[in-house]
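Data block for work-v6.csv (CSV, C-alpha atoms):
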```
chain,number,residue,atom,x,y,z
A,1,MET,CA,126.7,135.5,161.1
A,2,THR,CA,124.4,136.6,158.3
A,3,THR,CA,122.0,134.0,156.8
A,4,GLU,CA,120.8,134.7,153.3
A,5,VAL,CA,117.2,133.7,152.7
A,6,THR,CA,116.3,132.8,149.2
A,7,SER,CA,112.9,134.0,148.3
A,8,PRO,CA,110.6,131.8,146.2
A,9,PRO,CA,110.6,132.3,142.4
A,10,THR,CA,108.2,134.9,141.2
A,11,SER,CA,108.0,133.8,137.6
A,12,ALA,CA,104.6,132.6,136.3
A,13,SER,CA,106.2,130.8,133.3
A,14,PRO,CA,105.2,127.2,132.9
A,15,THR,CA,107.8,124.5,133.8
A,16,ALA,CA,109.1,121.9,131.3
A,17,ARG,CA,106.8,119.3,132.9
A,18,GLN,CA,103.8,121.6,132.5
A,19,VAL,CA,104.6,122.3,128.9
A,20,TRP,CA,104.9,118.5,128.2
A,21,THR,CA,101.6,117.8,130.0
A,22,ARG,CA,99.8,120.4,127.8
A,23,THR,CA,101.4,119.4,124.5
A,24,ARG,CA,101.7,115.6,124.8
A,25,GLY,CA,98.2,115.1,123.4
A,26,VAL,CA,99.0,117.1,120.2
A,27,ALA,CA,102.4,115.4,119.9
A,28,LEU,CA,100.8,111.9,120.2
A,29,ALA,CA,98.2,112.8,117.6
A,30,LEU,CA,100.9,114.0,115.2
A,31,VAL,CA,102.9,110.8,115.7
A,32,LEU,CA,99.8,108.7,115.1
A,33,LEU,CA,99.0,110.7,111.9
A,34,LEU,CA,102.5,110.3,110.6
A,35,VAL,CA,102.5,106.6,111.3
A,36,ALA,CA,99.1,106.2,109.6
A,37,ALA,CA,100.3,108.2,106.6
A,38,VAL,CA,103.4,106.0,106.2
A,39,ALA,CA,101.4,102.8,106.6
A,40,ILE,CA,98.9,103.9,104.0
A,41,ALA,CA,101.7,104.9,101.6
A,42,VAL,CA,103.4,101.5,102.1
A,43,VAL,CA,100.1,99.6,101.6
A,44,ARG,CA,99.3,101.5,98.5
A,45,SER,CA,102.8,101.0,97.2
A,46,ASP,CA,102.6,97.3,97.7
A,47,ALA,CA,99.2,97.2,96.0
A,48,ARG,CA,100.8,98.7,92.9
A,49,HIS,CA,103.9,96.6,93.0
A,50,GLY,CA,104.5,94.9,89.7
A,51,ARG,CA,101.4,96.5,88.0
A,52,LEU,CA,101.3,95.4,84.4
A,53,ASP,CA,104.6,93.6,84.8
A,54,PRO,CA,104.7,90.2,83.0
A,55,ARG,CA,107.1,88.9,85.7
A,56,SER,CA,104.7,89.7,88.6
A,57,ALA,CA,102.2,87.2,90.0
A,58,ASP,CA,100.4,90.0,91.9
A,59,PRO,CA,96.7,90.4,91.1
A,60,SER,CA,97.6,93.6,89.2
A,61,GLY,CA,100.6,91.9,87.4
A,62,SER,CA,100.6,90.2,84.0
A,63,ARG,CA,102.5,87.0,84.5
A,64,ALA,CA,99.6,84.8,83.5
A,65,VAL,CA,99.3,86.2,80.0
A,66,ALA,CA,103.0,86.0,79.5
A,67,GLU,CA,103.0,82.3,80.4
A,68,LEU,CA,100.1,81.6,78.1
A,69,LEU,CA,101.9,83.3,75.3
A,70,ALA,CA,105.0,81.2,76.1
A,71,ASP,CA,103.0,78.0,75.7
A,72,ARG,CA,102.1,79.2,72.2
A,73,GLY,CA,105.8,79.9,71.3
A,74,VAL,CA,105.8,83.7,71.9
A,75,ASP,CA,108.8,84.8,74.0
A,76,THR,CA,108.3,87.9,76.2
A,77,ARG,CA,111.1,90.3,77.0
A,78,VAL,CA,110.8,93.2,79.4
A,79,VAL,CA,112.6,96.5,78.7
A,80,THR,CA,112.6,99.7,80.8
A,81,THR,CA,114.3,102.2,78.6
A,82,LEU,CA,113.3,103.9,75.4
A,83,ASP,CA,116.6,102.9,73.7
A,84,GLU,CA,115.8,99.2,74.2
A,85,ALA,CA,112.2,99.6,73.1
A,86,ALA,CA,113.1,101.5,69.9
A,87,ALA,CA,115.9,99.1,69.0
A,88,ALA,CA,113.5,96.1,69.5
A,89,ALA,CA,110.9,97.3,67.0
A,90,GLY,CA,110.7,95.1,63.9
A,91,PRO,CA,108.4,93.1,61.6
A,92,ASP,CA,108.4,90.0,63.8
A,93,THR,CA,107.9,91.9,67.1
A,94,THR,CA,104.9,93.2,69.0
A,95,LEU,CA,105.9,96.2,71.2
A,96,LEU,CA,103.6,96.7,74.1
A,97,VAL,CA,103.9,100.1,75.9
A,98,ALA,CA,102.4,99.7,79.4
A,99,VAL,CA,102.0,103.3,80.5
A,100,PRO,CA,102.5,105.6,77.5
A,101,ASP,CA,101.6,108.7,79.5
A,102,LEU,CA,104.8,108.4,81.5
A,103,LEU,CA,106.8,109.2,78.4
A,104,THR,CA,107.8,112.8,77.8
A,105,PRO,CA,106.7,114.4,74.5
A,106,ARG,CA,110.2,114.0,73.1
A,107,GLN,CA,110.3,110.3,74.0
A,108,GLN,CA,106.8,109.8,72.5
A,109,THR,CA,108.0,111.4,69.2
A,110,ARG,CA,111.1,109.2,69.1
A,111,LEU,CA,109.1,106.0,69.8
A,112,ARG,CA,106.6,106.8,67.1
A,113,ALA,CA,109.5,107.4,64.6
A,114,ALA,CA,111.0,104.0,65.6
A,115,THR,CA,107.7,102.0,65.2
A,116,GLU,CA,105.9,103.8,62.4
A,117,ASP,CA,107.7,101.9,59.5
A,118,SER,CA,109.0,98.9,61.5
A,119,GLY,CA,106.4,96.5,60.1
A,120,GLY,CA,105.5,95.2,63.6
A,121,ARG,CA,102.6,95.8,65.9
A,122,THR,CA,102.6,98.5,68.6
A,123,VAL,CA,100.1,98.0,71.5
A,124,LEU,CA,99.4,101.2,73.6
A,125,VAL,CA,97.7,100.4,76.9
A,126,ALA,CA,95.4,103.2,78.2
A,127,SER,CA,97.1,105.9,76.2
A,128,GLY,CA,95.5,109.2,77.2
A,129,ILE,CA,95.4,112.7,75.8
A,130,ALA,CA,99.0,113.3,76.9
A,131,SER,CA,100.4,110.7,74.6
A,132,VAL,CA,97.9,109.5,71.9
A,133,GLU,CA,98.4,112.5,69.7
A,134,ARG,CA,102.1,111.7,69.2
A,135,LEU,CA,102.0,107.9,69.3
A,136,ALA,CA,98.9,107.6,67.1
A,137,PRO,CA,98.3,110.8,65.2
A,138,ASP,CA,95.2,109.5,63.5
A,139,VAL,CA,93.4,108.8,66.8
A,140,MET,CA,91.9,111.2,69.4
A,141,ALA,CA,91.3,110.3,73.0
A,142,ASP,CA,88.0,111.5,74.6
A,143,PRO,CA,88.3,113.2,78.0
A,144,ALA,CA,85.4,111.2,79.5
A,145,ASN,CA,86.1,107.5,80.1
A,146,SER,CA,83.7,104.7,79.6
A,147,LEU,CA,81.2,104.1,82.4
A,148,ASP,CA,81.0,100.3,81.6
A,149,SER,CA,83.9,97.9,82.0
A,150,THR,CA,82.6,94.9,80.0
A,151,LEU,CA,81.7,95.7,76.4
A,152,GLU,CA,80.6,93.9,73.3
A,153,PRO,CA,82.9,93.8,70.2
A,154,GLY,CA,80.6,95.6,67.7
A,155,CYS,CA,83.1,95.4,64.9
A,156,ASP,CA,84.6,93.1,62.2
A,157,LEU,CA,88.1,92.7,63.7
A,158,PRO,CA,88.7,89.0,63.8
A,159,ALA,CA,90.4,89.0,67.2
A,160,ALA,CA,87.4,90.9,68.7
A,161,VAL,CA,84.8,88.7,67.0
A,162,ARG,CA,86.5,85.5,68.3
A,163,ALA,CA,87.0,86.9,71.8
A,164,GLY,CA,83.4,88.3,72.3
A,165,ASN,CA,82.7,90.4,75.4
A,166,ALA,CA,85.8,91.7,77.1
A,167,ASP,CA,86.8,94.2,79.8
A,168,THR,CA,88.1,97.0,77.6
A,169,GLY,CA,86.1,99.8,79.1
A,170,GLY,CA,88.3,102.8,80.0
A,171,ILE,CA,89.7,105.5,77.7
A,172,ARG,CA,87.5,106.0,74.6
A,173,TYR,CA,88.9,106.8,71.2
A,174,SER,CA,87.8,108.0,67.8
A,175,SER,CA,89.9,107.7,64.6
A,176,ALA,CA,90.0,109.6,61.4
A,177,HIS,CA,91.8,106.8,59.5
A,178,PRO,CA,89.5,105.3,56.8
A,179,ASP,CA,90.7,101.7,57.4
A,180,ALA,CA,90.8,101.8,61.2
A,181,ASP,CA,88.9,99.1,63.2
A,182,GLU,CA,86.9,100.6,66.1
A,183,CYS,CA,85.7,98.0,68.6
A,184,TYR,CA,84.0,97.7,72.0
A,185,ARG,CA,82.1,101.0,71.7
A,186,SER,CA,80.8,102.9,74.7
A,187,HIS,CA,78.4,105.6,73.7
A,188,ARG,CA,79.5,105.5,70.1
A,189,LEU,CA,83.3,105.8,70.9
A,190,ALA,CA,85.6,102.8,70.7
A,191,THR,CA,87.7,101.5,73.6
A,192,LEU,CA,89.8,99.4,71.2
A,193,VAL,CA,91.2,100.8,68.0
A,194,ARG,CA,93.5,99.2,65.4
A,195,VAL,CA,95.1,101.6,62.9
A,196,PRO,CA,97.1,100.1,60.0
A,197,ALA,CA,100.6,101.5,59.4
A,198,PRO,CA,101.2,103.7,56.3
A,199,SER,CA,103.4,101.0,54.8
A,200,GLY,CA,100.6,98.5,55.3
A,201,ALA,CA,102.9,95.9,57.0
A,202,GLY,CA,102.3,96.8,60.6
A,203,ASP,CA,99.7,98.4,62.8
A,204,THR,CA,99.0,100.2,66.1
A,205,VAL,CA,96.5,99.0,68.6
A,206,LEU,CA,95.1,101.2,71.3
A,207,LEU,CA,93.6,99.5,74.3
A,208,GLY,CA,91.4,101.7,76.5
A,209,ALA,CA,92.0,99.7,79.7
A,210,PRO,CA,94.7,97.2,80.9
A,211,ASP,CA,92.1,94.9,82.5
A,212,ILE,CA,92.4,92.1,79.9
A,213,LEU,CA,96.1,91.8,80.8
A,214,LEU,CA,95.8,91.6,84.6
A,215,ASN,CA,96.2,88.3,86.4
A,216,ASP,CA,92.9,88.6,88.4
A,217,ARG,CA,90.9,89.5,85.3
A,218,LEU,CA,92.4,87.3,82.6
A,219,ASP,CA,89.9,84.4,83.2
A,220,GLU,CA,86.8,86.6,82.9
A,221,HIS,CA,84.7,86.9,79.7
A,222,GLY,CA,86.8,86.9,76.6
A,223,ASN,CA,89.8,88.7,78.1
A,224,ALA,CA,92.3,85.9,77.7
A,225,SER,CA,91.3,85.3,74.1
A,226,LEU,CA,91.6,89.0,73.2
A,227,ALA,CA,94.9,89.4,75.0
A,228,LEU,CA,96.5,86.4,73.3
A,229,GLN,CA,95.4,87.4,69.9
A,230,LEU,CA,96.5,91.0,70.2
A,231,LEU,CA,99.9,90.1,71.7
A,232,GLY,CA,100.6,86.7,70.0
A,233,SER,CA,100.4,87.8,66.3
A,234,ARG,CA,104.2,87.8,66.1
A,235,PRO,CA,106.9,85.5,67.6
A,236,HIS,CA,108.5,88.1,69.8
A,237,LEU,CA,106.8,90.3,72.4
A,238,VAL,CA,108.7,93.3,73.9
A,239,TRP,CA,107.0,94.6,77.0
A,240,TYR,CA,108.1,98.2,77.6
A,241,LEU,CA,107.6,99.4,81.2
A,242,PRO,CA,108.4,103.1,81.2
A,243,THR,CA,109.9,104.5,84.4
A,244,PRO,CA,110.4,108.0,85.7
A,245,ALA,CA,114.2,107.4,85.7
A,246,ASP,CA,114.1,106.9,81.9
A,247,ALA,CA,113.0,110.5,81.5
A,248,ALA,CA,116.2,111.8,83.2
A,249,GLY,CA,118.4,113.8,81.0
A,250,THR,CA,115.7,114.8,78.5
A,251,GLU,CA,115.1,118.4,77.6
A,252,ASP,CA,111.4,118.2,78.8
A,253,GLU,CA,112.4,116.5,82.1
A,254,LYS,CA,109.5,116.3,84.6
A,255,SER,CA,109.7,118.1,87.9
A,256,PHE,CA,110.2,116.5,91.2
A,257,PHE,CA,106.5,116.8,92.1
A,258,ASP,CA,105.5,115.2,88.9
A,259,LEU,CA,107.5,112.1,89.8
A,260,LEU,CA,106.1,111.7,93.3
A,261,PRO,CA,103.2,109.3,93.6
A,262,SER,CA,99.9,111.1,94.2
A,263,GLY,CA,99.4,109.2,97.5
A,264,TRP,CA,102.4,110.9,99.1
A,265,LEU,CA,101.2,114.4,98.0
A,266,TRP,CA,97.7,113.7,99.4
A,267,GLY,CA,99.2,112.3,102.6
A,268,THR,CA,101.4,115.4,103.1
A,269,LEU,CA,98.4,117.6,102.5
A,270,GLN,CA,96.3,115.7,105.1
A,271,LEU,CA,99.1,116.0,107.7
A,272,PHE,CA,99.2,119.8,107.2
A,273,VAL,CA,95.4,120.0,107.5
A,274,ALA,CA,95.5,117.9,110.7
A,275,ALA,CA,98.3,120.0,112.2
A,276,ALA,CA,96.3,123.2,111.5
A,277,LEU,CA,93.2,121.7,113.1
A,278,ALA,CA,95.2,120.6,116.1
A,279,ALA,CA,96.6,124.1,116.5
A,280,LEU,CA,93.2,125.7,116.3
A,281,TRP,CA,91.9,123.2,118.8
A,282,ARG,CA,94.7,123.8,121.3
A,283,ALA,CA,95.0,127.6,120.8
A,284,ARG,CA,94.0,129.8,123.6
A,285,ARG,CA,90.7,131.6,123.0
A,286,LEU,CA,90.9,135.4,122.8
A,287,GLY,CA,88.5,137.0,125.3
A,288,PRO,CA,88.3,139.4,128.2
A,289,LEU,CA,91.1,139.6,130.7
A,290,VAL,CA,90.6,137.4,133.8
A,291,PRO,CA,92.2,138.6,137.0
A,292,GLU,CA,94.4,136.0,138.7
A,293,GLN,CA,96.1,136.0,142.0
A,294,LEU,CA,99.9,136.3,141.9
A,295,PRO,CA,101.8,133.2,142.9
A,296,VAL,CA,103.6,135.0,145.7
A,297,ALA,CA,102.9,138.1,147.7
A,298,ILE,CA,104.8,141.2,146.6
A,299,ARG,CA,105.4,144.1,149.0
A,300,ALA,CA,104.2,147.5,147.8
A,301,SER,CA,107.6,149.0,148.3
A,302,GLU,CA,109.1,146.5,145.8
A,303,THR,CA,106.5,147.5,143.2
A,304,VAL,CA,107.3,151.2,143.8
A,305,GLU,CA,111.0,150.6,143.6
A,306,GLY,CA,110.6,148.5,140.4
A,307,ARG,CA,108.5,151.2,138.7
A,308,ALA,CA,110.9,153.9,139.8
A,309,ARG,CA,113.8,152.0,138.2
A,310,LEU,CA,111.9,151.7,135.0
A,311,TYR,CA,111.2,155.4,135.0
A,312,ARG,CA,114.9,156.1,135.7
A,313,THR,CA,116.1,153.7,132.9
A,314,ALA,CA,113.8,155.4,130.4
A,315,ASP,CA,114.7,158.9,131.7
A,316,ALA,CA,111.0,159.6,132.1
A,317,ARG,CA,111.0,162.3,134.8
A,318,ASP,CA,107.9,163.9,133.3
A,319,ARG,CA,105.9,160.7,133.7
A,320,ALA,CA,107.2,160.0,137.2
A,321,ALA,CA,106.3,163.6,138.3
A,322,LEU,CA,102.8,163.2,136.7
A,323,ALA,CA,102.2,160.0,138.6
A,324,LEU,CA,103.3,161.5,141.9
A,325,ARG,CA,101.2,164.6,141.4
A,326,SER,CA,98.1,162.7,140.3
A,327,ALA,CA,98.3,160.3,143.3
A,328,THR,CA,98.7,163.3,145.7
A,329,ARG,CA,95.7,165.1,144.2
A,330,THR,CA,93.6,162.0,144.5
A,331,ARG,CA,94.4,161.7,148.2
A,332,LEU,CA,94.1,165.4,149.0
A,333,ALA,CA,90.7,166.0,147.3
A,334,PRO,CA,88.5,164.1,149.9
A,335,LEU,CA,90.5,165.8,152.7
A,336,VAL,CA,89.5,169.3,151.6
A,337,GLY,CA,86.0,168.4,150.6
A,338,VAL,CA,86.4,168.3,146.8
A,339,PRO,CA,84.6,165.5,144.9
A,340,GLY,CA,86.9,162.8,143.4
A,341,THR,CA,85.7,163.8,139.9
A,342,GLN,CA,87.2,167.3,140.3
A,343,ALA,CA,90.4,166.2,142.0
A,344,HIS,CA,92.4,167.1,138.9
A,345,ALA,CA,90.8,170.4,138.2
A,346,PRO,CA,92.9,173.3,139.5
A,347,GLU,CA,90.0,175.7,139.8
A,348,ALA,CA,88.2,173.3,142.2
A,349,LEU,CA,91.1,171.8,144.2
A,350,ILE,CA,93.5,174.8,144.7
A,351,PRO,CA,91.0,177.2,146.4
A,352,ALA,CA,89.8,174.5,148.8
A,353,LEU,CA,93.4,173.4,149.5
A,354,SER,CA,94.7,177.0,150.1
A,355,ALA,CA,92.1,177.4,152.9
A,356,ARG,CA,93.8,174.6,154.8
A,357,LEU,CA,97.4,175.9,154.4
A,358,ASP,CA,99.2,178.5,156.5
A,359,GLY,CA,100.8,180.2,153.4
A,360,ASP,CA,104.3,179.1,154.0
A,361,GLY,CA,106.2,177.0,151.5
A,362,PRO,CA,105.9,176.5,147.7
A,363,SER,CA,102.7,177.4,145.9
A,364,PRO,CA,100.3,174.4,145.9
A,365,HIS,CA,99.5,175.2,142.3
A,366,THR,CA,103.1,174.8,141.3
A,367,LEU,CA,103.5,171.6,143.3
A,368,LEU,CA,100.4,169.9,142.0
A,369,PHE,CA,100.1,171.3,138.4
A,370,GLY,CA,103.5,172.8,137.6
A,371,PRO,CA,106.0,171.9,134.9
A,372,PRO,CA,108.0,168.6,135.0
A,373,PRO,CA,111.3,168.6,136.9
A,374,GLY,CA,114.5,169.2,134.9
A,375,ASP,CA,116.7,166.7,136.6
A,376,ASP,CA,116.6,163.8,139.1
A,377,ALA,CA,117.4,166.1,142.1
A,378,ALA,CA,114.4,168.3,141.2
A,379,LEU,CA,112.2,165.1,141.0
A,380,ILE,CA,113.3,164.0,144.4
A,381,ARG,CA,112.7,167.5,145.8
A,382,LEU,CA,109.2,167.5,144.3
A,383,ALA,CA,108.4,164.1,145.9
A,384,ASP,CA,109.5,165.5,149.3
A,385,GLN,CA,107.5,168.7,148.9
A,386,LEU,CA,104.4,166.7,147.9
A,387,ASP,CA,104.8,164.5,151.0
A,388,ALA,CA,105.2,167.7,153.2
A,389,LEU,CA,102.1,169.2,151.6
A,390,GLU,CA,100.0,166.1,152.3
A,391,ARG,CA,101.2,166.0,155.9
A,392,GLN,CA,100.3,169.6,156.4
A,393,VAL,CA,96.8,169.1,155.1
A,394,ARG,CA,96.3,166.0,157.3
A,395,ARG,CA,97.5,167.8,160.4
A,396,PRO,CA,94.5,168.5,162.7
```
Here is the file; what I need is its structure written in the form of structure tokens.
Amino acid sequence: MTTEVTSPPTSASPTARQVWTRTRGVALALVLLLVAAVAIAVVRSDARHGRLDPRSADPSGSRAVAELLADRGVDTRVVTTLDEAAAAAGPDTTLLVAVPDLLTPRQQTRLRAATEDSGGRTVLVASGIASVERLAPDVMADPANSLDSTLEPGCDLPAAVRAGNADTGGIRYSSAHPDADECYRSHRLATLVRVPAPSGAGDTVLLGAPDILLNDRLDEHGNASLALQLLGSRPHLVWYLPTPADAAGTEDEKSFFDLLPSGWLWGTLQLFVAAALAALWRARRLGPLVPEQLPVAIRASETVEGRARLYRTADARDRAALALRSATRTRLAPLVGVPGTQAHAPEALIPALSARLDGDGPSPHTLLFGPPPGDDAALIRLADQLDALERQVRRP
């Protein structure tokens, strides 16, 4: 009975367990980074929840000022679409636009057309360069914000004089309108501007910062007084909270990346940087080759047979013959007293070799330096003749 013996595997490839052991550190670091990014995004999202929303009691909300206005008979209504905001404009209404820069240029132009001759008051909170030129054409926004938060009135506007110091420091404005009121200056530029309407019945108020409307800042300085006077001049207050969804369907619709919160973009960038650093950290350094022992012992005959099969598959008889002749010349040179450095020089090897031969058989020059064989049979015959030549030289 024949028993088949299975030889041990000769592959040096790492196993699944080894791969996991090597990469589990990187995988754990990536998971932790992902969890941290999500946690930061959630925390930041919660921190901005209800910002400037008169229904929100969060520190960044505006419920406190809405309740104070209600005590004085001013009703507050929240709208989130441009259609509602434009329809609500009227002589007995104050329209507050919480984030004017969220509006597209087309929406800004339409809102200006609806409020310009309405006879009411329009309050723009922190309107920047992207929106002020359309919503308040007579006003220009400065690129540099105010460095101070709390400022003095410095003007004759009754609301500002009664309120005194207030936290209006933010975006700074300058106006070309001759009857504009410019208050709370920071380095000669105003952070609160009131521009009368062309008809004379209404006006537009630009507020450089939303601080006087926030729950956690309302009780500081003259913030409450200024907010109540600016928003309580008419019996109705329409609080417009623009949303990215309101821009859908417009010709100048914003791209997907414009609608993403900046925190998510920065978080994604940080993840990519962390992954690149981890790859560099774990990457194998390029350097000189280091010899390593094979995991199993391989017989020389197997190596010869394997290389022979490769030569045969590639039909490389010329390379096989060259390898056979080169190895034979290397072994014959010391036997006939030729230095190893001249083993492959015919003028040195052939004369010394001919002195040891009896003259029978093929020419040694043809065997050791001849043309490549034309077929497999000729290659085998060459190998046999080289073996016979070497035996004859070794014969005492």
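The shortest atom-to-atom distance to A:Leu34, with only C-alpha atoms taken into account, belongs to A:Leu271 out of A:Leu271, A:Leu349, A:Ile171, A:Ser131.
Proximity of A:Leu237, A:Ala345, A:Leu324, A:Ala383 to A:His365, computed with all atoms listed in the file, is greatest for A:Ala345.
Across the model, the gap from atom CA of A:Gln392 to atom CA of A:Val336 is 11.8 Å.
Going from atom CA of A:Val193 to atom CA of A:Asp181 covers 5.6 Å.
What separates atom CA of A:Arg395 from atom CA of A:Ala378 is a distance of 25.6 Å.
Nearest residue to A:Ser60 among A:Val26, A:Ala316, A:Leu213, A:Ala89 is A:Leu213, counting all atoms listed in the file.
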Fewer than 3 positions away in the same chain doesn't count, so skip those; otherwise give me all residues within 12 Å of A:Asp75, counting all atoms listed in the file, as a compact mmCIF listing (two decimals) with C-alpha atoms, in the coordinates of the input.
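After the write, out_14.txt holds the following:
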```txt
# COMPACT_ATOMS: atom_id res chain seq x y z
CA PRO A 54 104.70 90.20 83.00
CA VAL A 65 99.30 86.20 80.00
CA ALA A 66 103.00 86.00 79.50
CA GLU A 67 103.00 82.30 80.40
CA LEU A 68 100.10 81.60 78.10
CA LEU A 69 101.90 83.30 75.30
CA ALA A 70 105.00 81.20 76.10
CA ASP A 71 103.00 78.00 75.70
CA ARG A 72 102.10 79.20 72.20
CA VAL A 78 110.80 93.20 79.40
CA ASP A 92 108.40 90.00 63.80
CA THR A 93 107.90 91.90 67.10
CA THR A 94 104.90 93.20 69.00
CA LEU A 231 99.90 90.10 71.70
CA GLY A 232 100.60 86.70 70.00
CA SER A 233 100.40 87.80 66.30
CA ARG A 234 104.20 87.80 66.10
CA PRO A 235 106.90 85.50 67.60
CA HIS A 236 108.50 88.10 69.80
CA LEU A 237 106.80 90.30 72.40
CA VAL A 238 108.70 93.30 73.90
CA TRP A 239 107.00 94.60 77.00
```
| note | For A:Val161, the closest of A:Val125, A:Leu226, A:Arg51, A:Pro105 counting all atoms listed in the file is A:Leu226
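Nearest residue to A:Asp138 among A:Pro196, A:Gly90, A:Gly119, A:Pro158 is A:Pro196, counting all atoms listed in the file.
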